file coords.txt (compact mmCIF, C-alpha atoms and all ligand atoms)
# COMPACT_ATOMS: atom_id res chain seq x y z
CA MET A 1 -38.63 4.97 23.76
CA ALA A 2 -42.11 3.54 23.36
CA GLN A 3 -44.16 2.11 26.17
CA LEU A 4 -46.58 -0.76 25.70
CA HIS A 5 -49.50 -0.84 28.14
CA ILE A 6 -51.28 -4.14 28.86
CA ARG A 7 -54.33 -4.80 30.97
CA PRO A 8 -55.89 -8.14 31.78
CA GLY A 9 -59.28 -8.63 30.19
CA VAL A 10 -61.53 -10.87 28.20
CA PRO A 11 -60.67 -14.35 26.85
CA LEU A 12 -58.56 -14.35 23.68
CA ARG A 13 -60.40 -15.66 20.67
CA GLY A 14 -59.71 -15.82 16.97
CA ARG A 15 -57.90 -17.34 14.08
CA LEU A 16 -54.79 -15.79 12.61
CA ARG A 17 -51.48 -16.28 10.89
CA VAL A 18 -48.22 -15.38 12.60
CA PRO A 19 -45.51 -13.81 10.39
CA GLY A 20 -42.91 -15.90 8.60
CA ASP A 21 -40.09 -17.70 10.30
CA LYS A 22 -37.11 -15.44 11.01
CA SER A 23 -34.47 -18.14 10.63
CA ILE A 24 -35.87 -19.33 7.30
CA SER A 25 -36.36 -15.77 6.01
CA ASN A 26 -32.73 -14.93 6.82
CA ARG A 27 -31.43 -18.08 5.17
CA PHE A 28 -33.57 -17.56 2.09
CA VAL A 29 -31.97 -14.27 1.06
CA ILE A 30 -28.45 -15.56 1.65
CA LEU A 31 -28.79 -18.91 -0.10
CA ALA A 32 -30.98 -17.65 -2.96
CA ALA A 33 -28.24 -15.16 -3.88
CA LEU A 34 -25.85 -18.08 -4.35
CA ALA A 35 -28.21 -20.09 -6.57
CA GLU A 36 -28.37 -19.54 -10.30
CA GLY A 37 -31.74 -18.08 -11.30
CA GLU A 38 -34.89 -16.67 -9.77
CA SER A 39 -35.88 -17.68 -6.22
CA HIS A 40 -39.16 -16.60 -4.73
CA ALA A 41 -40.38 -16.47 -1.11
CA ARG A 42 -43.90 -15.65 0.00
CA GLY A 43 -44.79 -15.11 3.63
CA TRP A 44 -41.25 -13.77 4.12
CA LEU A 45 -40.76 -12.05 7.47
CA ALA A 46 -40.18 -8.31 7.13
CA SER A 47 -38.59 -7.36 10.46
CA GLU A 48 -35.50 -5.46 11.59
CA ASP A 49 -33.30 -8.57 11.62
CA THR A 50 -34.31 -9.98 8.25
CA LEU A 51 -34.22 -6.57 6.55
CA ALA A 52 -30.67 -6.17 7.89
CA THR A 53 -29.72 -9.45 6.20
CA LEU A 54 -31.40 -8.36 2.99
CA ARG A 55 -29.55 -5.02 2.90
CA CYS A 56 -26.22 -6.72 3.60
CA MET A 57 -26.81 -9.17 0.75
CA VAL A 58 -27.62 -6.29 -1.60
CA ALA A 59 -24.35 -4.64 -0.54
CA LEU A 60 -22.61 -7.90 -1.48
CA GLY A 61 -24.12 -7.66 -4.96
CA ALA A 62 -27.33 -9.69 -4.65
CA GLU A 63 -30.19 -8.63 -6.90
CA VAL A 64 -33.33 -8.49 -4.80
CA GLU A 65 -36.87 -7.24 -5.34
CA ARG A 66 -39.74 -6.99 -2.84
CA PRO A 67 -43.00 -6.77 -4.79
CA GLU A 68 -44.92 -6.96 -1.50
CA GLU A 69 -43.98 -6.42 2.14
CA ASP A 70 -43.78 -10.19 2.69
CA GLU A 71 -42.63 -11.30 -0.75
CA VAL A 72 -39.02 -11.46 -1.89
CA ILE A 73 -37.56 -12.34 -5.28
CA VAL A 74 -33.82 -12.94 -5.58
CA TRP A 75 -32.03 -13.27 -8.93
CA GLY A 76 -29.13 -15.43 -7.89
CA GLY A 77 -25.95 -15.08 -9.91
CA GLY A 78 -24.29 -18.27 -8.67
CA LEU A 79 -21.66 -19.16 -6.11
CA ARG A 80 -19.02 -16.77 -7.47
CA SER A 81 -21.33 -13.81 -8.03
CA LEU A 82 -20.73 -11.76 -4.88
CA ARG A 83 -18.46 -8.70 -4.90
CA GLU A 84 -16.46 -6.82 -2.32
CA PRO A 85 -18.73 -4.36 -0.51
CA THR A 86 -17.57 -0.76 -0.61
CA ASP A 87 -18.62 -0.12 2.99
CA MET A 88 -19.10 -2.02 6.24
CA LEU A 89 -22.11 -4.36 6.37
CA TYR A 90 -24.38 -3.20 9.17
CA CYS A 91 -26.06 -6.18 10.85
CA GLU A 92 -28.20 -4.04 13.20
CA SER A 93 -28.85 -6.22 16.31
CA SER A 94 -29.07 -9.49 14.44
CA GLY A 95 -26.75 -12.24 15.66
CA THR A 96 -27.95 -14.55 12.90
CA THR A 97 -27.06 -11.95 10.26
CA MET A 98 -23.56 -11.41 11.57
CA ARG A 99 -22.72 -15.06 12.19
CA LEU A 100 -24.14 -16.44 8.94
CA LEU A 101 -22.55 -13.65 6.93
CA ALA A 102 -19.23 -14.32 8.66
CA GLY A 103 -19.40 -17.84 7.20
CA LEU A 104 -20.37 -16.52 3.79
CA ALA A 105 -17.65 -13.84 3.85
CA ALA A 106 -15.03 -16.43 4.83
CA GLY A 107 -15.64 -18.08 1.46
CA GLN A 108 -15.19 -14.90 -0.59
CA PRO A 109 -11.87 -13.80 -2.08
CA PHE A 110 -12.24 -10.25 -0.76
CA MET A 111 -12.59 -8.20 2.40
CA THR A 112 -15.86 -7.86 4.31
CA ILE A 113 -16.38 -5.86 7.49
CA LEU A 114 -19.34 -6.84 9.66
CA HIS A 115 -20.56 -4.19 12.04
CA GLY A 116 -23.59 -3.99 14.33
CA SER A 117 -25.50 -2.17 17.05
CA GLU A 118 -24.14 -1.60 20.52
CA GLN A 119 -26.16 -4.64 21.65
CA LEU A 120 -24.70 -6.90 18.93
CA ARG A 121 -21.19 -5.63 19.64
CA ARG A 122 -21.44 -7.29 23.07
CA ARG A 123 -22.22 -10.76 21.69
CA PRO A 124 -19.58 -13.48 21.23
CA MET A 125 -18.23 -14.04 17.72
CA ASP A 126 -15.26 -16.28 18.58
CA ARG A 127 -17.65 -19.20 18.17
CA VAL A 128 -17.60 -18.51 14.42
CA ALA A 129 -14.12 -16.94 14.18
CA VAL A 130 -12.41 -20.06 15.57
CA PRO A 131 -13.70 -22.62 13.02
CA LEU A 132 -13.58 -20.16 10.11
CA ARG A 133 -9.92 -19.41 10.86
CA GLN A 134 -9.26 -23.15 10.94
CA MET A 135 -10.67 -23.27 7.42
CA GLY A 136 -8.19 -20.60 6.36
CA ALA A 137 -10.02 -17.28 6.65
CA THR A 138 -8.33 -14.26 8.19
CA ILE A 139 -10.61 -12.73 10.84
CA LEU A 140 -9.85 -9.67 12.91
CA GLY A 141 -12.06 -8.23 15.59
CA ARG A 142 -11.97 -6.69 19.01
CA GLU A 143 -10.46 -8.96 21.67
CA ASP A 144 -8.85 -11.10 18.98
CA GLY A 145 -12.08 -11.67 17.10
CA ARG A 146 -14.28 -12.36 20.11
CA LEU A 147 -16.33 -9.20 19.62
CA PRO A 148 -17.58 -7.25 16.59
CA PRO A 149 -16.84 -5.47 14.37
CA LEU A 150 -15.26 -8.30 12.40
CA ALA A 151 -13.00 -7.78 9.41
CA ILE A 152 -12.85 -10.89 7.24
CA ARG A 153 -10.53 -11.65 4.35
CA GLY A 154 -11.83 -14.89 2.89
CA GLY A 155 -11.01 -17.29 0.10
CA ASN A 156 -8.71 -20.30 -0.28
CA LEU A 157 -10.52 -22.32 2.38
CA SER A 158 -9.98 -25.98 3.16
CA GLY A 159 -12.70 -28.26 4.51
CA ILE A 160 -12.45 -29.22 8.18
CA ASP A 161 -13.97 -31.67 10.66
CA TYR A 162 -15.28 -29.52 13.46
CA GLU A 163 -16.65 -30.52 16.83
CA MET A 164 -18.87 -27.64 17.98
CA PRO A 165 -18.51 -26.86 21.70
CA VAL A 166 -22.10 -25.50 21.89
CA ALA A 167 -25.23 -26.54 20.00
CA SER A 168 -25.77 -23.47 17.85
CA ALA A 169 -27.54 -23.35 14.50
CA GLN A 170 -25.84 -20.06 13.75
CA VAL A 171 -22.37 -21.54 14.15
CA LYS A 172 -23.31 -24.70 12.24
CA SER A 173 -24.76 -22.59 9.41
CA ALA A 174 -21.70 -20.32 9.24
CA ILE A 175 -19.43 -23.35 8.83
CA LEU A 176 -21.70 -24.95 6.22
CA LEU A 177 -21.81 -21.70 4.24
CA ALA A 178 -18.03 -21.46 4.29
CA GLY A 179 -17.89 -25.17 3.40
CA LEU A 180 -19.67 -24.42 0.12
CA PHE A 181 -16.53 -22.53 -0.95
CA ALA A 182 -13.85 -24.79 0.53
CA GLU A 183 -11.51 -27.29 -1.03
CA GLY A 184 -12.79 -30.72 0.06
CA PRO A 185 -15.70 -31.65 2.32
CA THR A 186 -16.49 -30.06 5.70
CA THR A 187 -18.08 -31.98 8.58
CA VAL A 188 -19.72 -30.36 11.58
CA HIS A 189 -20.58 -32.30 14.70
CA GLU A 190 -23.05 -30.76 17.14
CA PRO A 191 -23.49 -31.83 20.76
CA ALA A 192 -27.32 -31.76 20.43
CA PRO A 193 -29.60 -31.09 17.47
CA SER A 194 -30.12 -27.39 16.74
CA ARG A 195 -32.47 -25.99 14.08
CA ASP A 196 -31.69 -27.51 10.69
CA HIS A 197 -33.22 -24.96 8.28
CA THR A 198 -29.89 -24.36 6.53
CA GLU A 199 -29.47 -28.07 5.85
CA ARG A 200 -33.03 -28.43 4.55
CA MET A 201 -32.75 -25.41 2.27
CA LEU A 202 -29.35 -26.43 0.92
CA GLN A 203 -30.69 -29.91 0.18
CA ALA A 204 -33.73 -28.43 -1.56
CA MET A 205 -31.31 -26.43 -3.74
CA GLY A 206 -29.40 -29.55 -4.70
CA ALA A 207 -26.29 -29.06 -2.55
CA LEU A 208 -24.24 -32.14 -1.66
CA LEU A 209 -25.17 -32.38 1.98
CA ALA A 210 -25.32 -35.54 4.07
CA ARG A 211 -26.64 -35.94 7.58
CA GLU A 212 -25.78 -38.77 9.90
CA GLY A 213 -26.74 -38.61 13.55
CA GLN A 214 -25.32 -35.39 14.91
CA ASN A 215 -22.97 -34.90 11.92
CA VAL A 216 -23.59 -32.78 8.87
CA ARG A 217 -21.21 -32.99 5.93
CA ILE A 218 -21.11 -30.60 3.01
CA THR A 219 -19.17 -31.22 -0.18
CA PRO A 220 -18.52 -28.13 -2.32
CA PRO A 221 -20.87 -28.20 -5.32
CA THR A 222 -19.52 -29.01 -8.74
CA SER A 223 -22.56 -27.48 -10.45
CA SER A 224 -24.69 -24.48 -9.54
CA LEU A 225 -27.31 -24.49 -6.78
CA SER A 226 -30.91 -24.50 -8.01
CA PRO A 227 -33.19 -21.58 -7.15
CA ILE A 228 -36.13 -22.27 -4.82
CA THR A 229 -39.72 -21.17 -4.42
CA LEU A 230 -41.14 -21.28 -0.96
CA ASP A 231 -44.00 -20.30 1.32
CA VAL A 232 -42.25 -19.45 4.56
CA PRO A 233 -43.96 -21.19 7.50
CA GLY A 234 -45.14 -19.08 10.43
CA ASP A 235 -42.46 -18.62 13.09
CA ILE A 236 -43.06 -20.97 16.00
CA SER A 237 -40.90 -18.73 18.18
CA SER A 238 -43.34 -15.86 17.54
CA ALA A 239 -46.36 -18.17 17.83
CA ALA A 240 -45.03 -19.23 21.24
CA PHE A 241 -46.16 -15.94 22.81
CA LEU A 242 -49.71 -16.38 21.51
CA ILE A 243 -49.72 -20.06 22.47
CA ALA A 244 -48.74 -19.08 26.00
CA ALA A 245 -51.32 -16.29 26.10
CA GLY A 246 -54.07 -18.62 24.88
CA SER A 247 -53.06 -21.25 27.43
CA LEU A 248 -52.99 -18.80 30.33
CA VAL A 249 -55.95 -16.47 29.79
CA ARG A 250 -59.08 -18.19 31.05
CA GLY A 251 -61.70 -19.10 28.44
CA SER A 252 -59.38 -18.50 25.46
CA GLU A 253 -59.44 -20.37 22.18
CA ILE A 254 -57.07 -19.43 19.38
CA THR A 255 -56.11 -21.03 16.08
CA LEU A 256 -52.76 -20.14 14.50
CA GLU A 257 -52.53 -21.09 10.84
CA GLY A 258 -49.48 -22.49 9.06
CA VAL A 259 -46.98 -22.56 11.92
CA GLY A 260 -43.64 -24.27 11.27
CA VAL A 261 -43.35 -27.48 13.29
CA ASN A 262 -39.88 -28.58 12.27
CA PRO A 263 -38.91 -31.03 15.06
CA THR A 264 -35.71 -29.07 15.75
CA ARG A 265 -37.97 -26.16 16.80
CA THR A 266 -40.83 -27.82 18.70
CA GLY A 267 -39.27 -28.40 22.11
CA PHE A 268 -41.67 -25.80 23.51
CA LEU A 269 -44.71 -27.76 22.30
CA ASP A 270 -43.32 -30.91 23.93
CA VAL A 271 -42.80 -29.09 27.23
CA LEU A 272 -46.28 -27.54 27.06
CA ALA A 273 -47.77 -31.00 26.59
CA ASP A 274 -45.89 -32.19 29.69
CA MET A 275 -47.23 -29.19 31.63
CA GLY A 276 -50.81 -30.08 30.70
CA ALA A 277 -51.49 -27.33 28.15
CA ARG A 278 -54.07 -27.94 25.43
CA VAL A 279 -52.36 -27.41 22.08
CA GLU A 280 -53.46 -29.46 19.07
CA ARG A 281 -51.67 -29.78 15.73
CA LEU A 282 -54.15 -29.83 12.86
CA ASP A 283 -53.70 -30.34 9.13
CA GLN A 284 -49.99 -31.17 9.19
CA ARG A 285 -48.38 -30.56 5.80
CA MET A 286 -45.07 -29.70 4.10
CA SER A 287 -43.91 -26.52 2.38
CA GLY A 288 -40.47 -26.01 0.85
CA GLY A 289 -39.07 -29.00 2.74
CA GLU A 290 -40.41 -27.75 6.10
CA PRO A 291 -43.33 -29.24 8.07
CA LEU A 292 -46.15 -26.96 9.19
CA ALA A 293 -49.49 -27.27 10.94
CA ASP A 294 -52.38 -25.20 12.23
CA LEU A 295 -52.24 -24.98 16.00
CA ARG A 296 -55.39 -24.84 18.11
CA ILE A 297 -54.83 -23.58 21.63
CA ARG A 298 -57.39 -23.69 24.40
CA ALA A 299 -56.89 -22.30 27.88
CA ALA A 300 -55.31 -24.88 30.17
CA ASP A 301 -57.31 -26.31 33.07
CA GLY A 302 -54.22 -26.30 35.23
CA LEU A 303 -50.49 -26.46 34.58
CA GLU A 304 -47.85 -28.66 36.21
CA ALA A 305 -44.23 -27.71 36.82
CA VAL A 306 -41.55 -29.37 34.65
CA THR A 307 -37.79 -29.84 34.51
CA VAL A 308 -36.24 -28.82 31.19
CA GLU A 309 -32.67 -29.93 30.51
CA GLY A 310 -30.40 -31.70 28.06
CA GLU A 311 -31.08 -32.25 24.38
CA ILE A 312 -34.43 -30.43 24.32
CA VAL A 313 -32.80 -27.10 25.28
CA PRO A 314 -31.55 -26.08 21.79
CA ARG A 315 -34.92 -27.17 20.35
CA MET A 316 -36.62 -24.36 22.31
CA ILE A 317 -33.74 -21.98 22.94
CA ASP A 318 -35.78 -18.84 22.18
CA GLU A 319 -38.79 -19.95 24.26
CA PHE A 320 -37.30 -19.90 27.77
CA PRO A 321 -38.43 -16.35 28.65
CA ILE A 322 -42.06 -17.22 27.86
CA LEU A 323 -41.73 -20.60 29.57
CA ALA A 324 -40.88 -18.66 32.75
CA VAL A 325 -44.30 -16.95 32.63
CA LEU A 326 -46.10 -20.26 32.16
CA ALA A 327 -44.09 -21.65 35.07
CA THR A 328 -45.36 -18.88 37.38
CA GLN A 329 -48.84 -20.38 36.93
CA ALA A 330 -47.80 -24.05 37.19
CA GLU A 331 -48.12 -26.14 40.30
CA GLY A 332 -44.67 -26.89 41.76
CA GLU A 333 -41.09 -25.95 40.95
CA THR A 334 -40.07 -25.60 37.31
CA ARG A 335 -36.34 -26.05 36.72
CA VAL A 336 -34.38 -25.02 33.64
CA ARG A 337 -30.84 -26.39 33.32
CA ASP A 338 -28.15 -26.67 30.62
CA ALA A 339 -29.28 -23.34 29.19
CA SER A 340 -26.28 -21.06 29.77
CA GLU A 341 -26.66 -19.96 26.11
CA LEU A 342 -29.50 -17.78 27.44
CA ARG A 343 -26.84 -15.52 28.90
CA VAL A 344 -25.52 -14.49 25.45
CA LYS A 345 -28.78 -13.73 23.64
CA GLU A 346 -30.09 -10.20 22.92
CA SER A 347 -29.87 -9.73 26.68
CA ASP A 348 -28.60 -12.01 29.44
CA ARG A 349 -31.98 -13.73 29.50
CA VAL A 350 -31.40 -15.43 32.84
CA ALA A 351 -30.71 -12.10 34.54
CA THR A 352 -33.29 -9.97 32.72
CA VAL A 353 -36.19 -12.46 32.91
CA VAL A 354 -35.57 -12.89 36.65
CA GLU A 355 -35.24 -9.15 37.27
CA GLU A 356 -38.39 -8.17 35.37
CA LEU A 357 -40.71 -11.03 36.36
CA ARG A 358 -39.81 -10.48 40.02
CA LYS A 359 -41.21 -6.93 39.67
CA MET A 360 -44.54 -8.60 38.85
CA GLY A 361 -44.40 -10.91 41.87
CA ALA A 362 -42.94 -14.06 40.30
CA ARG A 363 -40.97 -16.38 42.55
CA ILE A 364 -38.07 -16.95 40.19
CA ASP A 365 -34.39 -17.50 40.95
CA PRO A 366 -31.40 -17.48 38.62
CA THR A 367 -28.93 -20.34 38.39
CA GLU A 368 -25.69 -20.45 36.47
CA ASP A 369 -27.25 -22.28 33.51
CA GLY A 370 -30.94 -21.49 33.83
CA PHE A 371 -33.54 -20.62 36.46
CA THR A 372 -36.12 -22.07 38.83
CA VAL A 373 -39.70 -20.86 39.22
CA GLU A 374 -42.06 -21.64 42.09
CA GLY A 375 -45.77 -21.67 41.23
CA PRO A 376 -48.55 -20.93 41.12
CA THR A 377 -48.17 -17.24 42.01
CA PRO A 378 -50.58 -14.41 41.24
CA LEU A 379 -48.85 -11.71 39.18
CA GLN A 380 -49.31 -7.96 39.63
CA GLY A 381 -49.07 -5.33 36.92
CA ALA A 382 -45.85 -3.32 37.16
CA GLU A 383 -43.55 -0.97 35.28
CA VAL A 384 -41.05 -3.23 33.61
CA ASP A 385 -38.21 -2.86 31.11
CA ALA A 386 -37.58 -4.75 27.86
CA HIS A 387 -33.76 -4.34 28.08
CA GLY A 388 -33.76 -3.95 24.28
CA ASP A 389 -34.75 -7.63 24.00
CA HIS A 390 -37.74 -8.39 21.75
CA ARG A 391 -38.50 -11.74 23.35
CA LEU A 392 -38.38 -10.26 26.84
CA ALA A 393 -40.78 -7.48 25.77
CA MET A 394 -43.32 -10.01 24.42
CA THR A 395 -42.85 -12.23 27.47
CA LEU A 396 -43.73 -9.32 29.75
CA ALA A 397 -46.75 -8.47 27.61
CA VAL A 398 -48.12 -12.00 28.07
CA ALA A 399 -47.42 -11.79 31.81
CA GLY A 400 -49.39 -8.52 31.77
CA LEU A 401 -52.43 -10.33 30.37
CA ILE A 402 -52.75 -12.40 33.55
CA ALA A 403 -51.54 -9.79 36.04
CA LYS A 404 -53.74 -7.68 38.26
CA GLY A 405 -53.81 -4.04 37.09
CA GLU A 406 -51.78 -2.42 34.35
CA THR A 407 -48.35 -3.48 33.11
CA VAL A 408 -46.23 -0.89 31.32
CA ILE A 409 -43.30 -2.15 29.26
CA GLU A 410 -40.58 0.42 28.67
CA GLY A 411 -38.66 0.13 25.40
CA ALA A 412 -41.12 -2.32 23.84
CA GLU A 413 -40.39 -1.06 20.31
CA CYS A 414 -37.65 -3.72 20.17
CA ILE A 415 -40.50 -6.14 19.33
CA ASP A 416 -39.90 -4.99 15.72
CA LYS A 417 -36.77 -7.13 15.64
CA SER A 418 -38.79 -10.30 15.01
CA PHE A 419 -42.56 -9.74 15.33
CA PRO A 420 -43.68 -6.18 14.53
CA GLN A 421 -47.36 -7.24 14.32
CA PHE A 422 -47.44 -8.72 17.84
CA PRO A 423 -49.30 -5.92 19.66
CA ASP A 424 -51.85 -5.63 16.81
CA LEU A 425 -52.46 -9.36 16.72
CA LEU A 426 -52.95 -9.46 20.49
CA SER A 427 -55.56 -6.67 20.18
CA ARG A 428 -57.27 -8.56 17.36
CA LEU A 429 -57.61 -11.53 19.70
CA GLY A 430 -59.34 -9.23 22.20
CA ALA A 431 -56.49 -8.14 24.47
CA ASP A 432 -56.31 -4.67 25.98
CA VAL A 433 -53.02 -3.38 24.55
CA ARG A 434 -51.97 0.18 23.67
CA TRP A 435 -48.83 2.15 22.89
CA SER A 436 -47.80 5.47 24.43
C1 LIG B 501 -31.03 -18.81 15.16
C2 LIG B 501 -30.44 -19.66 16.04
C3 LIG B 501 -30.52 -19.51 17.50
C4 LIG B 501 -31.63 -18.56 17.92
C5 LIG B 501 -31.73 -17.33 17.06
C6 LIG B 501 -31.87 -17.69 15.59
C7 LIG B 501 -30.82 -19.06 13.73
O1 LIG B 501 -29.28 -19.04 17.97
O2 LIG B 501 -31.49 -18.18 19.26
O3 LIG B 501 -32.84 -16.56 17.45
O4 LIG B 501 -31.55 -18.49 12.89
O5 LIG B 501 -29.92 -19.84 13.38
P1 LIG B 501 -28.08 -20.07 18.26
O6 LIG B 501 -27.97 -20.95 17.10
O7 LIG B 501 -26.84 -19.25 18.39
O8 LIG B 501 -28.49 -20.76 19.54

call {"tool": "encode", "arguments": {"input": "coords.txt", "output": "structure tokens"}}
result
Amino acid sequence: MAQLHIRPGVPLRGRLRVPGDKSISNRFVILAALAEGESHARGWLASEDTLATLRCMVALGAEVERPEEDEVIVWGGGLRSLREPTDMLYCESSGTTMRLLAGLAAGQPFMTILHGSEQLRRRPMDRVAVPLRQMGATILGREDGRLPPLAIRGGNLSGIDYEMPVASAQVKSAILLAGLFAEGPTTVHEPAPSRDHTERMLQAMGALLAREGQNVRITPPTSSLSPITLDVPGDISSAAFLIAAGSLVRGSEITLEGVGVNPTRTGFLDVLADMGARVERLDQRMSGGEPLADLRIRAADGLEAVTVEGEIVPRMIDEFPILAVLATQAEGETRVRDASELRVKESDRVATVVEELRKMGARIDPTEDGFTVEGPTPLQGAEVDAHGDHRLAMTLAVAGLIAKGETVIEGAECIDKSFPQFPDLLSRLGADVRWS
């Protein structure tokens, strides 16, 4: 296992581009394979999760070429072009891959087996198995389909009206994907808005998709989906670590170019504004149906504690670990509620964030559906563990930038899941970061 060493140092300065959005990159390869003709993505994220999706799609018969590391061309053969894979599809540790492909597989008149890493095999799949079975798919898995591997025999689906018990873009997307292949329309109702990249991409491809309030309705297409060309926006969930670093390290000024600012993803920017951080959105524009902007971050003069709860939670679901670090430097008690989803991410993020940040001196306590942090508190460098969770590893690296002494993160190679360039980009901004 690799160790990442971080020392506090000089202000962070520079201008850079964060890699492409993981959610959009995943959706691109899946949806482009269903279109008829050549789709093209530039700025595509090449990371463990997205490459897992790409390999699975190839195993399902998609024709894919990668002329550059971050460029993908897909020759879509249409909605009926996929074929039964001869082996299990290995989703690595990617929940998005397994859940979205479960929806896709439910629509196919053949058998698909979705398998994954030990970490993924602990994550709940009943959230997709339940609605997909209601649509008519046969789904087998451990504990009656709650845990992977999943064996799916799809085809002959009927549209359903489904009330989602949790706000999850993965579940919503799985149902919409299956809905493309069903008899009659499918409506999904979500309790709060989650990321809507699937809806935007499907609309851009000409699918019959209607949105009303918290409902999304898909009607199976009568003609083929159109291919798309897109520049993938920078991933705001990756940018979040650099935004936090720039806000926390005294004297910093960073510009991040072309970051996706889809409103279903910007809860973190809203919370930062409430805390008193200095983040500006410059040159707002659109690309492939998605809004993006350059973000200029200057070190904050002082941060205030906040309470984060309710509808904003799904809009920043991946940013809670890094919020905890910001909260250690904010005046007062920060409270996170309604976020029990954190417990079923790559790690139980309530437990692991509390355990690791406490080693650095944070005053943080777990609650059933979130955590509380008392600040401001000086942090100390420590030996900490990433628990195989990319976002925890990057969270601890940012904490290391403001801690006294050296922080050593065990198992930090899991960063490759979503943001392989992170340590290099931090160094380019002036941080003292090295691997051993
Ligand atoms: C994702 C949705 C989120 C998020 C994950 C990516 C997606 O999960 O945590 O990193 O691409 O749809 P949930 O929708 O399950 O909350």

call {"tool": "closest_residue", "arguments": {"input": "coords.txt", "among": "A:Glu65, A:Ala167, A:Ile317, A:Ala305", "to": "Gly276 (chain A)", "atoms": "only C-alpha atoms"}}
result
A:Ala305

call {"tool": "atom_distance", "arguments": {"input": "coords.txt", "atom1": "CA of Glu199 (chain A)", "atom2": "CA of Ala169 (chain A)"}}
result
10.0 Å

call {"tool": "residues_near_ligand", "arguments": {"input": "coords.txt", "ligand": "ligand LIG 501 (chain B)", "cutoff": "6 Å", "atoms": "all atoms listed in the file", "output": "PyMOL selection string"}}
result
chain A and resi 23+96+168-170+317-318

call {"tool": "residues_around", "arguments": {"input": "coords.txt", "residues": "Ser237 (chain A)", "least_positions_apart": "5", "cutoff": "10 Å", "atoms": "only C-alpha atoms", "output": "list in words"}}
result
Val18, Asp21, Lys22, Ser23, Leu242, Ile243, Val259, Gly260, Arg265, Thr266, Phe268, Met316, Ile317, Asp318, Glu319, Ile322, Arg391, Ser418 and Phe419 of chain A

call {"tool": "residues_near_point", "arguments": {"input": "coords.txt", "point": "(-46.8, -26.9, 9.4)", "cutoff": "8 Å", "atoms": "only C-alpha atoms", "output": "PyMOL selection string"}}
result
chain A and resi 233+258-262+283-287+290-294

call {"tool": "write_last_selection", "arguments": {"input": "coords.txt", "atoms": "C-alpha atoms", "output": "PDB file, keeping the file's coordinate frame"}}
result
ATOM      1  CA  PRO A 233     -43.960 -21.190   7.500  1.00  0.00           C
ATOM      2  CA  GLY A 258     -49.480 -22.490   9.060  1.00  0.00           C
ATOM      3  CA  VAL A 259     -46.980 -22.560  11.920  1.00  0.00           C
ATOM      4  CA  GLY A 260     -43.640 -24.270  11.270  1.00  0.00           C
ATOM      5  CA  VAL A 261     -43.350 -27.480  13.290  1.00  0.00           C
ATOM      6  CA  ASN A 262     -39.880 -28.580  12.270  1.00  0.00           C
ATOM      7  CA  ASP A 283     -53.700 -30.340   9.130  1.00  0.00           C
ATOM      8  CA  GLN A 284     -49.990 -31.170   9.190  1.00  0.00           C
ATOM      9  CA  ARG A 285     -48.380 -30.560   5.800  1.00  0.00           C
ATOM     10  CA  MET A 286     -45.070 -29.700   4.100  1.00  0.00           C
ATOM     11  CA  SER A 287     -43.910 -26.520   2.380  1.00  0.00           C
ATOM     12  CA  GLU A 290     -40.410 -27.750   6.100  1.00  0.00           C
ATOM     13  CA  PRO A 291     -43.330 -29.240   8.070  1.00  0.00           C
ATOM     14  CA  LEU A 292     -46.150 -26.960   9.190  1.00  0.00           C
ATOM     15  CA  ALA A 293     -49.490 -27.270  10.940  1.00  0.00           C
ATOM     16  CA  ASP A 294     -52.380 -25.200  12.230  1.00  0.00           C
TER      17      ASP A 294
END

call {"tool": "atom_distance", "arguments": {"input": "coords.txt", "atom1": "CA of Leu34 (chain A)", "atom2": "CA of Pro109 (chain A)"}}
result
14.8 Å

call {"tool": "closest_residue", "arguments": {"input": "coords.txt", "among": "A:Val336, A:Ala273, A:Leu120, A:Ala382", "to": "Gly405 (chain A)", "atoms": "all atoms listed in the file"}}
result
A:Ala382

call {"tool": "closest_residue", "arguments": {"input": "coords.txt", "among": "A:Leu176, A:Ala32, A:Leu230, A:Thr97", "to": "Trp44 (chain A)", "atoms": "only C-alpha atoms"}}
result
A:Leu230

call {"tool": "atom_distance", "arguments": {"input": "coords.txt", "atom1": "CA of Arg250 (chain A)", "atom2": "CA of Pro376 (chain A)"}}
result
14.8 Å

call {"tool": "closest_residue", "arguments": {"input": "coords.txt", "among": "A:Gly179, A:Arg281, A:Ala52, A:Gly154", "to": "Glu84 (chain A)", "atoms": "all atoms listed in the file"}}
result
A:Gly154

call {"tool": "closest_residue", "arguments": {"input": "coords.txt", "among": "A:Pro185, A:Gly20, A:Gly251, A:Pro11", "to": "Ala207 (chain A)", "atoms": "all atoms listed in the file"}}
result
A:Pro185

call {"tool": "closest_residue", "arguments": {"input": "coords.txt", "among": "A:Gly370, A:Gly95, A:Gly107, A:Gly9", "to": "Leu82 (chain A)", "atoms": "all atoms listed in the file"}}
result
A:Gly107
